Amino acid sequence: MYEFLGITLVLALLLAINATATMAAAGFGRATRPWLRQCSAQTRAEILFVMRIGPPVIAIVAIAAFMIPSYLIYEPHKTGEFVSWKLGALAALSAVGVALAIWRGIRSWLATRSLLREWLASATPLRLEAIDVPTFVFRHPFPLIAVVGALRPRLFIADQVLESLSREELAAAIAHECGHLAAHDNFKRSAMRISRAALLLIPCGRSLDRAWSDASESAADEHAAQRSSLVALNLASALVRIAKMIPKGQQRIMAEPISTFLATDEDIPRVKVRVRRLVELAGTDPRQLASSASLVRLVPWLVLTTSVVVSIGIESRPQVLAAVHAFVEQVVKFLS
């Protein structure tokens, strides 16, 4: 019973802490939305990502640094406590969520490998000076410019895009994809999908996911606009041209680690917003964009890192672990 109770508590508290922290982050995100709109898209994307990935990190640190040590030190091996159906149900839900998160990560990796094999089979290598990742052109019914892969990304360009865009528009679109590469957006997207799966049916954090997705696209636009005002205008032109080429009713291509220039015809209404923003950026000094709030973008990472380091530093104090164990005891009684 000692081991079974410990495993049950770990799973139950992992889900509870993750869900609570995610709901708090989502509420904080809504409360700070007016302030976030004042930030650059690059800053906004970094803050939203940390707000989304922070809760599972906090949950893992809380379990590994506090709950498990306190249980091993203070819980007697011969205990009269038992696993109630409430605690067991919460632990089972958490176990399913963890298994689903692991499976989603594996499935995403397998699907990406399969997609790469399929696309590479009909692709032709393309050399572009503006980007330093392997680039390919291939035939596809969708006007596609996509970065595939989180760790070893590759860029794919549909042949109709290569034929339709001018040289300047294509260079601007590539600069946009370079923004996704510089921000490691495919890796971040995979991490958020896995953490969302761990929450299972609890609808926490989806608003943060959508906000980050919009911010990451705007941040990639800003990355391209940093090069020059002309690049910003060419990117706006490329957006409009590709939007007109999207087949009506086109569904999302895939959900694996992939950054696409435009994913579905549902993205077309957002094109107006992005084009309007790009025209504004064209009238901004590119040097201001390049240096905009670079320190602010580090703040959420510093806060998260500091929280983890401080937590690890104080968990070795006996009184802290004793207090944690007392709290866990109250949780067991509450769920009994």
# chains A, B, ... in the order shown; residues from 1 in each chain; ligands from 1

$ select_by_dssp --residues "range 55-294 of chain A" --states "strand (DSSP E)" --output "list in words"
Thr124, Pro125, Thr135, Phe136, Val137, Phe138, Ile145, Ala146, Val147, Val148, Arg154, Leu155, Phe156, Ile157, Ala158, Ile258, Ser259 and Thr260 of chain A

$ write_last_selection --atoms "C-alpha atoms" --output "JSON list (two decimals), in the first residue's frame"
[["chain", "number", "residue", "atom", "x", "y", "z"],
["A", 124, "THR", "CA", 13.94, 18.52, -55.78],
["A", 125, "PRO", "CA", 16.67, 20.23, -53.73],
["A", 135, "THR", "CA", 15.27, 23.45, -48.96],
["A", 136, "PHE", "CA", 13.14, 21.55, -51.46],
["A", 137, "VAL", "CA", 10.57, 22.33, -54.14],
["A", 138, "PHE", "CA", 7.82, 19.82, -54.87],
["A", 145, "ILE", "CA", 5.71, 27.17, -47.85],
["A", 146, "ALA", "CA", 6.42, 25.08, -44.77],
["A", 147, "VAL", "CA", 9.17, 24.32, -42.28],
["A", 148, "VAL", "CA", 8.88, 20.67, -41.22],
["A", 154, "ARG", "CA", 13.59, 21.35, -43.63],
["A", 155, "LEU", "CA", 11.90, 23.93, -45.82],
["A", 156, "PHE", "CA", 9.42, 22.85, -48.51],
["A", 157, "ILE", "CA", 8.03, 25.12, -51.22],
["A", 158, "ALA", "CA", 5.19, 24.10, -53.55],
["A", 258, "ILE", "CA", 5.28, 22.27, -39.01],
["A", 259, "SER", "CA", 5.16, 26.01, -39.60],
["A", 260, "THR", "CA", 3.18, 26.96, -42.68]]

$ closest_atom_pairs --of "range 38-131 of chain A" --to "range 223-241 of chain A" --cutoff "12 Å" --atoms "only C-alpha atoms" --output "tab-separated table"
residue	atom	partner	partner_atom	distance
A:Ser40	CA	A:His223	CA	10.7
A:Ala41	CA	A:His223	CA	9.5
A:Gln42	CA	A:His223	CA	8.2
A:Thr43	CA	A:His223	CA	11.7
A:Ala130	CA	A:Ala224	CA	11.4

$ residues_around --residues "His77 in chain A" --least-positions-apart "6" --cutoff "12 Å" --atoms "only C-alpha atoms" --output "PDB file with C-alpha atoms, in the first residue's frame"
ATOM      1  CA  MET A   1       0.000   0.000   0.000  1.00  0.00           C
ATOM      2  CA  TYR A   2       2.929   2.364   0.689  1.00  0.00           C
ATOM      3  CA  GLU A   3       4.181   2.294  -2.909  1.00  0.00           C
ATOM      4  CA  PHE A   4       0.700   2.287  -4.432  1.00  0.00           C
ATOM      5  CA  LEU A   5      -0.387   5.267  -2.319  1.00  0.00           C
ATOM      6  CA  GLY A   6       2.780   7.163  -3.265  1.00  0.00           C
ATOM      7  CA  TYR A  71       6.663  11.310   1.184  1.00  0.00           C
TER       8      TYR A  71
END

$ closest_residue --among "A:Ala101, A:Ala19, A:Leu151, A:Val161" --to "Ile194 in chain A" --atoms "only C-alpha atoms"
A:Ala101

$ atom_distance --atom1 "CA of Glu81 in chain A" --atom2 "CA of Ile58 in chain A"
27.3 Å

$ closest_residue --among "A:Ile242, A:Ala111, A:Ile73, A:Pro34" --to "Ser166 in chain A" --atoms "only C-alpha atoms"
A:Ile242

$ select_by_dssp --residues "range 159-251 of chain A" --states "alpha helix (DSSP H)" --output "count of residues only"
74

$ closest_residue --among "A:Thr22, A:Arg193, A:Leu281, A:Leu181" --to "Trp103 in chain A" --atoms "only C-alpha atoms"
A:Arg193

$ residues_around --residues "Ala323 in chain A" --least-positions-apart "6" --cutoff "12 Å" --atoms "only C-alpha atoms" --output "PyMOL selection string"
chain A and resi 66-67+69-71+74+315+317+329-330

$ write_last_selection --atoms "N, CA, C and O atoms" --output "short mmCIF file (atom, residue, chain, number, x, y, z; two decimals), in the first residue's frame"
data_model
loop_
_atom_site.label_atom_id
_atom_site.label_comp_id
_atom_site.auth_asym_id
_atom_site.auth_seq_id
_atom_site.Cartn_x
_atom_site.Cartn_y
_atom_site.Cartn_z
N PHE A 66 9.55 18.37 -4.06
CA PHE A 66 8.86 18.52 -2.78
C PHE A 66 8.05 17.29 -2.38
O PHE A 66 8.24 16.74 -1.31
N MET A 67 7.12 16.89 -3.25
CA MET A 67 6.18 15.85 -2.85
C MET A 67 6.87 14.50 -2.62
O MET A 67 6.69 13.85 -1.59
N PRO A 69 10.21 13.67 -2.15
CA PRO A 69 11.11 13.61 -0.98
C PRO A 69 10.36 13.64 0.36
O PRO A 69 10.72 12.91 1.30
N SER A 70 9.31 14.48 0.45
CA SER A 70 8.57 14.56 1.72
C SER A 70 7.87 13.23 2.02
O SER A 70 7.80 12.80 3.17
N TYR A 71 7.36 12.59 0.99
CA TYR A 71 6.66 11.31 1.18
C TYR A 71 7.65 10.23 1.62
O TYR A 71 7.37 9.45 2.54
N TYR A 74 8.83 11.22 5.43
CA TYR A 74 7.90 11.35 6.55
C TYR A 74 6.76 10.34 6.54
O TYR A 74 6.09 10.17 7.56
N GLU A 315 13.97 23.21 -1.06
CA GLU A 315 13.34 21.92 -0.79
C GLU A 315 14.16 21.06 0.17
O GLU A 315 13.64 20.12 0.77
N ARG A 317 15.33 21.93 3.01
CA ARG A 317 15.08 22.29 4.39
C ARG A 317 14.03 21.35 4.99
O ARG A 317 12.92 21.20 4.45
N GLU A 329 -1.09 15.10 3.50
CA GLU A 329 -1.97 14.36 4.40
C GLU A 329 -3.37 14.95 4.38
O GLU A 329 -4.37 14.21 4.39
N GLN A 330 -3.48 16.27 4.35
CA GLN A 330 -4.78 16.92 4.30
C GLN A 330 -5.49 16.62 2.98
O GLN A 330 -6.71 16.46 2.94
#

$ closest_residue --among "A:Lys86, A:Arg30, A:His176, A:Arg104" --to "Val331 in chain A" --atoms "only C-alpha atoms"
A:Lys86

$ atom_distance --atom1 "CA of Gly179 in chain A" --atom2 "CA of Ile106 in chain A"
26.3 Å

$ closest_residue --among "A:Ile314, A:Ala220, A:Ala123, A:Val275" --to "Arg44 in chain A" --atoms "only C-alpha atoms"
A:Ala220

$ closest_residue --among "A:Asn186, A:Leu321, A:Leu170, A:Ile131" --to "Ala65 in chain A" --atoms "only C-alpha atoms"
A:Leu321

$ residues_around --residues "Leu335 in chain A" --least-positions-apart "6" --cutoff "9 Å" --atoms "only C-alpha atoms" --output "list in words"
Val83, Ser84, Trp85, Lys86 and Leu87 of chain A

$ atom_distance --atom1 "CA of Trp212 in chain A" --atom2 "CA of Arg277 in chain A"
17.0 Å
